[in-house]
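Q: Dropping in my_file_30.cif, with mmCIF, C-alpha atoms and all ligand atoms.
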```cif
data_upload
#
loop_
_atom_site.label_atom_id
_atom_site.label_comp_id
_atom_site.auth_asym_id
_atom_site.auth_seq_id
_atom_site.Cartn_x
_atom_site.Cartn_y
_atom_site.Cartn_z
CA MET A 498 81.13 56.56 115.27
CA GLN A 499 79.19 56.84 118.50
CA GLU A 500 77.71 60.23 119.34
CA ASP A 501 79.90 60.74 122.45
CA GLN A 502 83.08 60.13 120.40
CA LYS A 503 82.34 63.22 118.30
CA ASN A 504 83.17 65.58 121.15
CA ILE A 505 86.50 64.03 122.05
CA VAL A 506 89.50 66.29 121.44
CA SER A 507 92.73 64.35 121.10
CA ILE A 508 96.04 66.07 121.91
CA ASP A 509 99.50 64.69 121.27
CA ARG A 510 103.05 65.91 121.60
CA CYS A 511 104.83 66.34 118.26
CA LYS A 512 108.29 67.78 118.70
CA ASN A 513 109.18 68.51 115.09
CA TYR A 514 108.15 68.07 111.47
CA HIS A 515 110.30 65.02 110.68
CA ILE A 516 108.12 62.59 108.75
CA ASP A 517 108.60 59.74 111.25
CA THR A 518 107.79 61.99 114.22
CA VAL A 519 104.67 63.36 112.54
CA ARG A 520 103.51 59.87 111.55
CA ALA A 521 103.92 58.50 115.08
CA SER A 522 102.07 61.50 116.51
CA LEU A 523 99.19 61.37 113.99
CA LEU A 524 98.72 57.65 114.66
CA ASN A 525 98.49 58.41 118.40
CA LEU A 526 96.22 61.36 117.78
CA LEU A 527 93.65 59.29 115.86
CA LYS A 528 93.58 56.37 118.32
CA PRO A 529 90.45 57.52 120.22
CA TRP A 530 88.41 56.94 117.06
CA GLY A 531 90.17 53.76 115.94
CA GLY A 532 92.46 55.45 113.38
CA ILE A 533 91.90 57.13 110.03
CA ALA A 534 89.88 54.15 108.76
CA THR A 535 86.96 55.37 110.90
CA PHE A 536 86.77 58.49 108.74
CA VAL A 537 87.81 57.13 105.33
CA LYS A 538 86.46 54.04 103.55
CA PRO A 539 88.15 52.38 100.55
CA GLY A 540 87.46 54.19 97.29
CA GLN A 541 86.31 57.44 98.91
CA LYS A 542 87.53 60.80 97.63
CA VAL A 543 89.10 62.76 100.47
CA LEU A 544 89.90 66.47 100.43
CA LEU A 545 92.69 67.68 102.70
CA LYS A 546 92.09 71.39 103.32
CA PRO A 547 95.21 73.06 104.73
CA ASN A 548 95.59 76.72 105.70
CA LEU A 549 97.40 78.27 102.74
CA LEU A 550 97.05 81.96 103.49
CA ALA A 551 99.93 83.02 101.25
CA ALA A 552 102.90 81.78 99.26
CA VAL A 553 105.34 81.62 102.17
CA LYS A 554 107.83 78.98 103.25
CA PRO A 555 106.75 76.42 105.86
CA GLU A 556 109.25 77.71 108.44
CA GLU A 557 107.38 81.02 108.67
CA ALA A 558 104.53 79.10 110.38
CA VAL A 559 101.85 80.95 108.42
CA THR A 560 100.57 77.85 106.61
CA THR A 561 99.87 74.24 107.56
CA HIS A 562 103.15 72.37 107.45
CA PRO A 563 103.52 70.09 104.38
CA ALA A 564 104.86 67.20 106.50
CA ILE A 565 101.45 66.90 108.17
CA ILE A 566 99.65 66.91 104.82
CA ARG A 567 102.13 64.38 103.40
CA VAL A 568 101.68 61.94 106.32
CA LEU A 569 97.89 62.33 106.39
CA ALA A 570 97.79 61.65 102.66
CA ASP A 571 99.87 58.49 103.18
CA LEU A 572 97.54 57.29 105.96
CA ILE A 573 94.45 57.94 103.85
CA ARG A 574 95.90 56.09 100.86
CA GLU A 575 96.80 53.16 103.11
CA ALA A 576 93.12 53.11 104.19
CA GLY A 577 92.10 52.94 100.52
CA GLY A 578 91.11 56.60 100.06
CA ILE A 579 91.90 58.82 97.07
CA VAL A 580 93.56 62.03 98.23
CA PHE A 581 93.06 65.56 96.95
CA ILE A 582 94.80 68.57 98.47
CA GLY A 583 93.29 71.99 97.89
CA ASP A 584 92.56 75.49 99.05
CA SER A 585 91.63 78.86 97.63
CA PRO A 586 94.59 81.07 98.51
CA GLY A 587 93.53 84.71 98.71
CA ASN A 588 96.94 86.31 98.32
CA ASP A 589 98.89 84.56 95.58
CA SER A 590 98.12 82.23 92.68
CA PRO A 591 97.41 78.61 93.65
CA GLU A 592 100.43 77.39 91.64
CA LYS A 593 102.86 79.73 93.41
CA THR A 594 101.26 79.05 96.79
CA TYR A 595 101.41 75.26 96.39
CA ARG A 596 105.05 75.38 95.27
CA ILE A 597 106.38 77.67 98.01
CA THR A 598 104.36 76.25 100.91
CA GLY A 599 105.63 72.74 100.10
CA MET A 600 102.19 71.39 99.14
CA GLN A 601 103.34 70.50 95.63
CA ALA A 602 106.17 68.36 97.01
CA ALA A 603 103.81 66.82 99.60
CA ALA A 604 101.35 65.90 96.84
CA GLU A 605 104.06 64.43 94.63
CA SER A 606 105.59 62.30 97.37
CA SER A 607 102.19 60.96 98.48
CA ASN A 608 100.71 60.44 94.98
CA SER A 609 97.94 62.91 95.75
CA THR A 610 96.22 65.36 93.42
CA LEU A 611 96.49 69.11 93.93
CA ILE A 612 93.33 71.04 93.12
CA SER A 613 92.41 74.71 93.29
CA PHE A 614 88.98 76.02 94.11
CA ASP A 615 87.88 77.98 91.05
CA ARG A 616 84.24 77.03 90.42
CA PHE A 617 81.60 77.57 93.08
CA ASN A 618 78.05 76.58 93.98
CA LYS A 619 75.79 78.98 95.82
CA LYS A 620 74.31 77.93 99.14
CA ASP A 621 71.80 79.99 101.11
CA TYR A 622 71.62 80.41 104.85
CA TYR A 623 69.43 82.48 107.12
CA SER A 624 70.48 84.66 110.04
CA ASN A 625 68.08 86.89 112.01
CA SER A 626 65.48 86.25 109.29
CA ASN A 627 67.82 87.59 106.59
CA LYS A 628 68.88 85.42 103.67
CA TYR A 629 72.58 85.27 102.81
CA GLU A 630 74.52 83.47 100.11
CA LEU A 631 77.79 81.54 100.31
CA GLU A 632 79.87 80.83 97.21
CA LEU A 633 81.37 77.49 98.21
CA ALA A 634 83.94 75.61 96.15
CA ALA A 635 82.05 73.31 93.78
CA ILE A 636 84.66 70.59 94.24
CA LEU A 637 83.32 70.01 97.76
CA ASP A 638 80.23 68.37 96.26
CA GLU A 639 82.46 65.86 94.50
CA MET A 640 84.22 64.78 97.69
CA ASP A 641 83.11 62.05 100.09
CA VAL A 642 85.16 63.29 103.04
CA VAL A 643 86.69 66.66 104.00
CA ILE A 644 89.57 66.76 106.46
CA ASN A 645 90.30 70.25 107.76
CA VAL A 646 94.00 70.75 108.58
CA ALA A 647 94.37 74.15 110.23
CA LYS A 648 97.25 76.15 111.72
CA LEU A 649 97.12 77.72 115.17
CA LYS A 650 97.69 81.47 114.78
CA THR A 651 96.63 84.77 116.30
CA HIS A 652 94.26 86.92 114.25
CA PRO A 653 93.39 90.62 114.65
CA LEU A 654 89.71 90.16 113.84
CA THR A 655 88.78 86.87 115.49
CA GLY A 656 91.44 86.63 118.20
CA LEU A 657 92.62 83.25 117.09
CA THR A 658 92.44 81.41 113.79
CA ALA A 659 92.23 77.64 114.03
CA ALA A 660 89.81 74.96 112.79
CA VAL A 661 86.50 76.82 112.27
CA LYS A 662 88.07 79.80 110.54
CA ASN A 663 90.20 77.62 108.26
CA ILE A 664 87.03 76.52 106.48
CA PHE A 665 86.58 80.12 105.24
CA GLY A 666 89.11 79.07 102.56
CA CYS A 667 86.28 77.06 100.96
CA ILE A 668 84.81 80.37 99.78
CA VAL A 669 86.21 80.82 96.31
CA GLY A 670 88.87 83.44 95.50
CA THR A 671 88.36 87.16 95.95
CA LYS A 672 84.83 86.65 97.26
CA LYS A 673 86.48 86.15 100.66
CA ALA A 674 87.67 89.76 100.74
CA LEU A 675 84.24 90.99 99.65
CA MET A 676 82.63 89.11 102.53
CA HIS A 677 84.70 91.24 104.89
CA TYR A 678 82.88 94.19 103.36
CA ASP A 679 79.50 92.54 103.85
CA PHE A 680 80.26 91.70 107.50
CA PRO A 681 82.57 94.44 108.84
CA LEU A 682 82.01 93.80 112.58
CA PRO A 683 83.96 90.87 114.07
CA ARG A 684 80.83 89.31 115.59
CA ASP A 685 78.92 89.41 112.27
CA PHE A 686 81.94 88.17 110.37
CA SER A 687 82.31 85.34 112.87
CA ARG A 688 78.64 84.37 112.60
CA MET A 689 79.21 84.05 108.86
CA LEU A 690 82.37 81.95 109.45
CA VAL A 691 80.35 79.56 111.60
CA GLU A 692 77.78 79.23 108.79
CA VAL A 693 80.56 78.38 106.33
CA TYR A 694 81.83 75.74 108.73
CA LEU A 695 78.34 74.26 109.12
CA ALA A 696 77.82 74.24 105.35
CA VAL A 697 81.06 72.29 104.78
CA LYS A 698 81.04 70.28 108.05
CA PRO A 699 84.39 68.48 107.75
CA GLU A 700 84.41 64.92 109.06
CA LEU A 701 87.65 65.56 110.94
CA SER A 702 89.62 68.65 111.92
CA ILE A 703 93.28 68.72 112.88
CA ILE A 704 95.29 71.67 114.20
CA ASP A 705 98.98 72.00 113.45
CA ALA A 706 100.46 73.65 116.53
CA VAL A 707 103.85 71.99 116.29
CA ILE A 708 105.07 75.47 115.46
CA ALA A 709 102.22 77.93 116.10
CA LEU A 710 102.19 81.64 115.22
CA GLU A 711 101.99 84.13 118.09
CA GLY A 712 102.06 87.93 118.21
CA ILE A 713 101.00 89.74 115.07
CA GLY A 714 99.24 86.96 113.21
CA PRO A 715 98.05 85.66 110.90
CA ARG A 716 100.91 86.60 108.55
CA LYS A 717 103.73 88.47 110.28
CA GLY A 718 103.73 86.95 113.76
CA ASN A 719 106.47 85.00 115.46
CA PRO A 720 106.81 81.23 115.06
CA ARG A 721 106.34 79.61 118.46
CA ASP A 722 107.54 76.11 119.23
CA ALA A 723 104.42 74.63 120.89
CA GLY A 724 105.01 70.96 119.97
CA LEU A 725 101.32 70.01 119.71
CA LEU A 726 98.93 68.32 117.34
CA MET A 727 95.21 68.31 118.14
CA ALA A 728 92.25 66.64 116.46
CA SER A 729 88.49 66.22 116.74
CA PRO A 730 85.46 65.53 114.55
CA ASN A 731 83.96 68.63 116.24
CA ALA A 732 85.91 71.71 115.06
CA VAL A 733 84.17 73.91 117.65
CA ALA A 734 85.29 71.69 120.53
CA LEU A 735 88.76 71.53 118.97
CA ASP A 736 88.99 75.34 118.81
CA THR A 737 87.81 75.62 122.41
CA ILE A 738 90.70 73.42 123.52
CA ALA A 739 93.16 75.17 121.19
CA ALA A 740 92.07 78.55 122.61
CA GLU A 741 92.62 77.31 126.16
CA THR A 742 96.11 76.00 125.33
CA ALA A 743 97.03 79.45 123.98
CA GLY A 744 95.63 81.33 126.98
CA PHE A 745 92.37 82.57 125.44
CA LYS A 746 88.99 82.09 127.04
CA PRO A 747 86.52 80.76 124.46
CA GLU A 748 84.49 83.99 124.64
CA GLN A 749 87.59 85.94 123.58
CA VAL A 750 87.67 84.12 120.24
CA THR A 751 84.86 85.60 118.18
CA THR A 752 84.20 82.40 116.17
CA LEU A 753 83.64 80.54 119.45
CA ALA A 754 81.40 83.35 120.73
CA ALA A 755 79.35 83.00 117.53
CA ALA A 756 79.23 79.21 117.89
CA ARG A 757 78.04 79.56 121.49
CA GLU A 758 75.38 82.04 120.42
CA LYS A 759 74.15 79.39 117.96
CA ALA A 760 74.19 76.80 120.76
CA LEU A 761 76.71 74.58 118.95
CA TYR A 762 78.10 71.85 121.15
CA GLY A 763 81.69 72.23 122.34
CA THR A 764 82.15 75.84 123.40
CA TYR A 765 82.21 74.87 127.10
CA LEU A 766 85.03 72.79 128.54
CA SER A 767 82.44 70.76 130.45
CA GLU A 768 81.11 69.48 127.10
CA ILE A 769 84.50 68.17 125.93
CA VAL A 770 86.49 65.05 126.78
CA THR A 771 90.21 65.27 126.09
CA SER A 772 92.32 62.27 125.18
CA GLY A 773 96.11 61.92 125.19
CA LEU A 774 97.71 64.94 126.83
CA SER A 775 95.64 66.76 129.44
CA LEU A 776 94.80 70.43 129.05
CA ALA A 777 97.25 71.25 131.84
CA GLU A 778 100.05 69.41 129.98
CA SER A 779 99.18 71.19 126.73
CA ARG A 780 99.29 74.82 127.81
CA ILE A 781 101.58 77.01 125.70
CA ARG A 782 103.19 79.11 128.40
CA ASN A 783 103.13 82.89 127.92
CA PHE A 784 101.71 82.65 124.41
CA ASP A 785 101.71 86.16 122.91
CA MET A 786 98.03 86.72 122.09
CA GLY A 787 98.96 89.77 120.02
CA THR A 788 96.59 92.46 118.91
CA ALA A 789 93.46 90.34 119.09
CA ALA A 790 90.22 91.79 117.80
CA GLU A 791 89.63 94.29 120.53
CA GLY A 792 92.97 94.54 122.27
CA LYS A 793 93.51 94.04 125.98
CA ILE A 794 90.49 96.11 127.07
CA GLY A 795 88.34 94.19 124.63
CA ARG A 796 89.54 90.87 125.96
CA PHE A 797 88.49 92.05 129.41
CA ILE A 798 85.11 93.35 128.30
CA ALA A 799 84.49 90.28 126.13
CA ARG A 800 83.92 88.35 129.34
CA PHE A 801 80.72 90.33 129.88
CA PRO A 802 77.76 88.92 128.04
CA LEU A 803 76.01 92.26 127.44
CA ALA A 804 75.72 92.81 123.70
CA TRP A 805 76.10 96.61 123.94
CA CYS A 806 79.49 96.15 125.65
CA ARG A 807 80.78 94.08 122.78
CA GLY A 808 79.36 96.50 120.20
CA TRP A 809 81.01 99.44 121.97
CA VAL A 810 84.36 97.69 121.93
CA GLU A 811 84.06 96.48 118.35
CA ARG A 812 83.51 100.03 117.15
CA ARG A 813 86.71 101.07 118.91
CA ARG A 814 88.99 98.46 117.42
CA PRO A 815 92.23 99.76 115.90
CA TYR A 816 92.83 101.18 112.42
CA PRO A 817 95.62 100.07 110.07
CA ILE A 818 98.59 102.39 109.66
CA ILE A 819 101.34 102.10 107.09
CA ASP A 820 105.01 101.97 108.03
CA PRO A 821 106.58 103.84 105.07
CA GLN A 822 110.03 102.49 105.95
CA ALA A 823 108.89 98.88 105.53
CA CYS A 824 106.58 99.54 102.55
CA ASN A 825 107.95 98.96 99.04
CA GLY A 826 104.94 100.47 97.27
CA CYS A 827 103.89 97.20 95.63
CA GLY A 828 100.21 98.24 95.70
CA LYS A 829 98.91 94.84 96.80
CA CYS A 830 96.95 96.37 99.71
CA ARG A 831 95.41 98.97 97.38
CA ASP A 832 94.36 96.36 94.83
CA ASP A 833 92.80 93.97 97.35
CA CYS A 834 91.21 96.33 99.91
CA PRO A 835 87.53 95.25 99.93
CA ALA A 836 86.42 98.86 100.55
CA GLN A 837 88.70 100.22 97.78
CA ILE A 838 89.83 103.13 99.94
CA ILE A 839 93.61 102.87 99.51
CA SER A 840 95.48 104.95 96.92
CA LEU A 841 99.22 105.18 96.35
CA VAL A 842 100.62 108.66 96.91
CA ASN A 843 104.28 108.97 95.94
CA GLY A 844 104.53 105.19 96.18
CA VAL A 845 103.10 105.00 99.71
CA PRO A 846 99.56 103.77 100.51
CA ASP A 847 97.19 106.50 101.64
CA ILE A 848 94.11 105.20 103.48
CA ASP A 849 90.78 107.06 103.46
CA TYR A 850 89.87 106.20 107.03
CA SER A 851 86.27 107.41 106.64
CA GLY A 852 85.58 104.27 104.58
CA CYS A 853 87.81 101.81 106.44
CA ILE A 854 85.86 98.81 107.75
CA ARG A 855 88.89 97.59 109.74
CA CYS A 856 88.87 94.15 108.18
CA TYR A 857 92.70 94.06 108.28
CA CYS A 858 92.92 92.41 104.87
CA CYS A 859 95.66 94.95 104.04
CA ARG A 860 97.72 93.56 106.89
CA GLU A 861 97.17 90.00 105.72
CA PHE A 862 98.08 90.86 102.12
CA CYS A 863 101.27 92.76 102.93
CA SER A 864 104.29 90.51 102.56
CA ARG A 865 106.54 93.23 104.06
CA GLY A 866 104.78 93.52 107.40
CA ALA A 867 104.31 97.23 106.66
CA VAL A 868 100.75 97.49 108.02
CA ASN A 869 100.48 98.00 111.77
CA LEU A 870 97.41 98.62 113.91
CA LYS A 871 96.75 101.68 116.05
S1 LIG A 901 101.81 98.40 102.67
FE1 LIG A 901 102.55 96.39 102.01
S2 LIG A 901 101.07 95.70 100.47
FE2 LIG A 901 100.76 97.92 100.73
S3 LIG A 901 102.03 98.85 99.15
FE3 LIG A 901 103.26 98.76 101.01
S4 LIG A 901 104.41 96.82 100.85
FE4 LIG A 901 102.71 96.71 99.35
S1 LIG A 902 92.31 99.86 104.60
FE1 LIG A 902 92.76 97.79 105.29
S2 LIG A 902 91.48 97.52 107.11
FE2 LIG A 902 90.66 99.29 105.98
S3 LIG A 902 89.08 98.43 104.65
FE3 LIG A 902 90.97 98.46 103.45
S4 LIG A 902 91.88 96.44 103.75
FE4 LIG A 902 90.31 96.71 105.33
#
```
As structure tokens, what does this structure read like?
Ligand code: SF4
Ligand code: SF4
A:
Amino acid sequence: MQEDQKNIVSIDRCKNYHIDTVRASLLNLLKPWGGIATFVKPGQKVLLKPNLLAAVKPEEAVTTHPAIIRVLADLIREAGGIVFIGDSPGNDSPEKTYRITGMQAAAESSNSTLISFDRFNKKDYYSNSNKYELELAAILDEMDVVINVAKLKTHPLTGLTAAVKNIFGCIVGTKKALMHYDFPLPRDFSRMLVEVYLAVKPELSIIDAVIALEGIGPRKGNPRDAGLLMASPNAVALDTIAAETAGFKPEQVTTLAAAREKALYGTYLSEIVTSGLSLAESRIRNFDMGTAAEGKIGRFIARFPLAWCRGWVERRRPYPIIDPQACNGCGKCRDDCPAQIISLVNGVPDIDYSGCIRCYCCREFCSRGAVNLK
């Protein structure tokens, strides 16, 4: 692939998840690079990495839709590749997650192999002269090609979760929650997310925004019919375009701010060539950006480059509060809080706010939508 083709972002209309519609759209989407065969050679092992945040049904728009995985797997097999589908779900067991999200059925109907990320290899990286360690799924070293298949959703910490953040799932199991503890501020957490992306460096990233998730993402938002598929070999450029379609400026998405700080190519629109639909044709009108990392004031201040402004805002981001009416006392938030500061009192979570790092994992883990932000 020529260097200038790496910064193309392809956008196509995809009205629904019918297999024929998805296939036609994916074929269109990959045309700028000459189809899937540009990324996959016969005999290569290919990992499809969807967003499988939790064991929820596809219609909730929390996870990558199985129809997209199924069609991609078919296309890869037709190109001679051997397909593996895998993730490291943080909320539920891989078996339950694969069954309920439709991944098991997608794997069966496309003769693909489901894998879960249990073993890891350690990889070092350096930031501001400090050495850090990533525990990346060992299976990645056995793959020839990684294709990142993300979902477009709002996120309280990063603003938006799309292609770059989806690669965080390559960190094995509960280590993901612990990394929130290591990097409590959104900007530091996002710098780490960018390092994970660079360590994995998928050959191709695709965003499922056929039905996106707006409002209170990434788990309890509202499905939004956006009718879009987007793709690029450059996940940063892809996220920049995805952010624009949803109404975010790139600097309002903390992963893109971190990528820009690291001078990665693709955080400015001027660096990106779009193919297929234009940006104007792709805008998702009145997308509910939800309670993004710093709220409305933060989104305003995020436009200012001064570091102290961002630090001031980050320290004022909201705290989680429990809605006792919605809570069923399951204890999941208590068990998985990275700071271990939640106890159950009379069956209701009680948060010790003095130790809360505002990672919002409790909100992600809660299947009842009982954790709000204030
Ligand atoms: S807030 Fe949610 S996760 Fe926590 S105990 Fe209540 S229902 Fe369970
Ligand atoms: S209470 Fe929630 S937001 Fe606070 S540290 Fe625990 S999981 Fe994170």
Q: Give the residues close to ligand LIG 902 (chain A), within 6 Å, counting only C-alpha atoms and all ligand atoms; write them as a PDB file with C-alpha atoms, in the coordinates of the input.
A:
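So result07.pdb came out as:
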```
ATOM      1  CA  PRO A 817      95.620 100.070 110.070  1.00  0.00           C
ATOM      2  CA  CYS A 834      91.210  96.330  99.910  1.00  0.00           C
ATOM      3  CA  PRO A 835      87.530  95.250  99.930  1.00  0.00           C
ATOM      4  CA  ALA A 836      86.420  98.860 100.550  1.00  0.00           C
ATOM      5  CA  ILE A 838      89.830 103.130  99.940  1.00  0.00           C
ATOM      6  CA  ILE A 848      94.110 105.200 103.480  1.00  0.00           C
ATOM      7  CA  CYS A 853      87.810 101.810 106.440  1.00  0.00           C
ATOM      8  CA  ILE A 854      85.860  98.810 107.750  1.00  0.00           C
ATOM      9  CA  ARG A 855      88.890  97.590 109.740  1.00  0.00           C
ATOM     10  CA  CYS A 856      88.870  94.150 108.180  1.00  0.00           C
ATOM     11  CA  TYR A 857      92.700  94.060 108.280  1.00  0.00           C
ATOM     12  CA  CYS A 858      92.920  92.410 104.870  1.00  0.00           C
ATOM     13  CA  CYS A 859      95.660  94.950 104.040  1.00  0.00           C
TER      14      CYS A 859
END
```
Q: Pick out the residues no farther than 8 Å from ligand LIG 901 (chain A), counting all atoms listed in the file, and list them as a PyMOL selection string.
A: chain A and resi 819-821+823-831+841+844-846+859-860+862-868
Q: By how many Å are CA of Ser613 in chain A and CA of Met676 in chain A apart?
A: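 So the answer is 19.7 Å.
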Q: So that I can check the surroundings of Asp621 in chain A, please list as a compact mmCIF listing (two decimals) with C-alpha atoms, in the coordinates of the input every protein, DNA and RNA residue that reaches within 10 Å of it, counting all atoms listed in the file and ignoring chain neighbours fewer than 5 positions away.
A:
```
# COMPACT_ATOMS: atom_id res chain seq x y z
CA LYS A 628 68.88 85.42 103.67
CA TYR A 629 72.58 85.27 102.81
CA GLU A 630 74.52 83.47 100.11
CA LEU A 631 77.79 81.54 100.31
CA GLU A 632 79.87 80.83 97.21
CA GLU A 692 77.78 79.23 108.79
CA ALA A 696 77.82 74.24 105.35
```
Q: Set up a box along x, y and z of the file covering all listed atoms of range 741-760 of chain A, add 6 Å on every one of the six sides, and write the centre and edge lengths in Å to one decimal, as JSON.
A:
```
{"center_x": 85.6, "center_y": 81.0, "center_z": 121.6, "size_x": 34.9, "size_y": 21.9, "size_z": 22.9}
```
Q: Report the closest atom pair, with its distance in Å rounded to one decimal, for each residue of range 582-611 of chain A that has an atom no farther than 8 Å from range 556-576 of chain A; count only C-alpha atoms, sort by chain and then rising residue number, and write it as a tab-separated table.
A:
```
residue	atom	partner	partner_atom	distance
A:Thr598	CA	A:Thr560	CA	7.0
A:Gly599	CA	A:Pro563	CA	5.5
A:Met600	CA	A:Pro563	CA	5.6
A:Ala603	CA	A:Arg567	CA	4.8
A:Ala604	CA	A:Arg567	CA	6.8
A:Ser606	CA	A:Arg567	CA	7.3
A:Ser607	CA	A:Asp571	CA	5.8
A:Ser609	CA	A:Ala570	CA	7.0
```
Q: What does the distance between CA of Asp509 in chain A and CA of Leu526 in chain A come to in Å, to one decimal place?
A: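 Straight-line distance from CA of Asp509 in chain A to CA of Leu526 in chain A works out to 5.8 Å.
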Q: Need the shell around Pro591 in chain A: protein/DNA/RNA residues with any atom at most 9 Å away, counting all atoms listed in the file. Skip same-chain ones fewer than 5 positions apart. Format as JSON, numbers by chain?
A: {"A": [552, 583, 584, 585, 586, 596, 612, 613, 614]}
Q: Rank nothing, just name the residue among A:Asp847, A:Glu592, A:Glu758, A:Asp641 nearest to Ile579 in chain A, using all atoms listed in the file.
A: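 When distances to Ile579 in chain A are compared using all atoms listed in the file, the smallest one comes from A:Asp641.
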Q: Report, in Å to a single decimal, how far apart CA of Asp638 in chain A and CA of Arg616 in chain A are.
A: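 Atom-to-atom, CA of Arg616 in chain A to CA of Asp638 in chain A, that is 11.2 Å.
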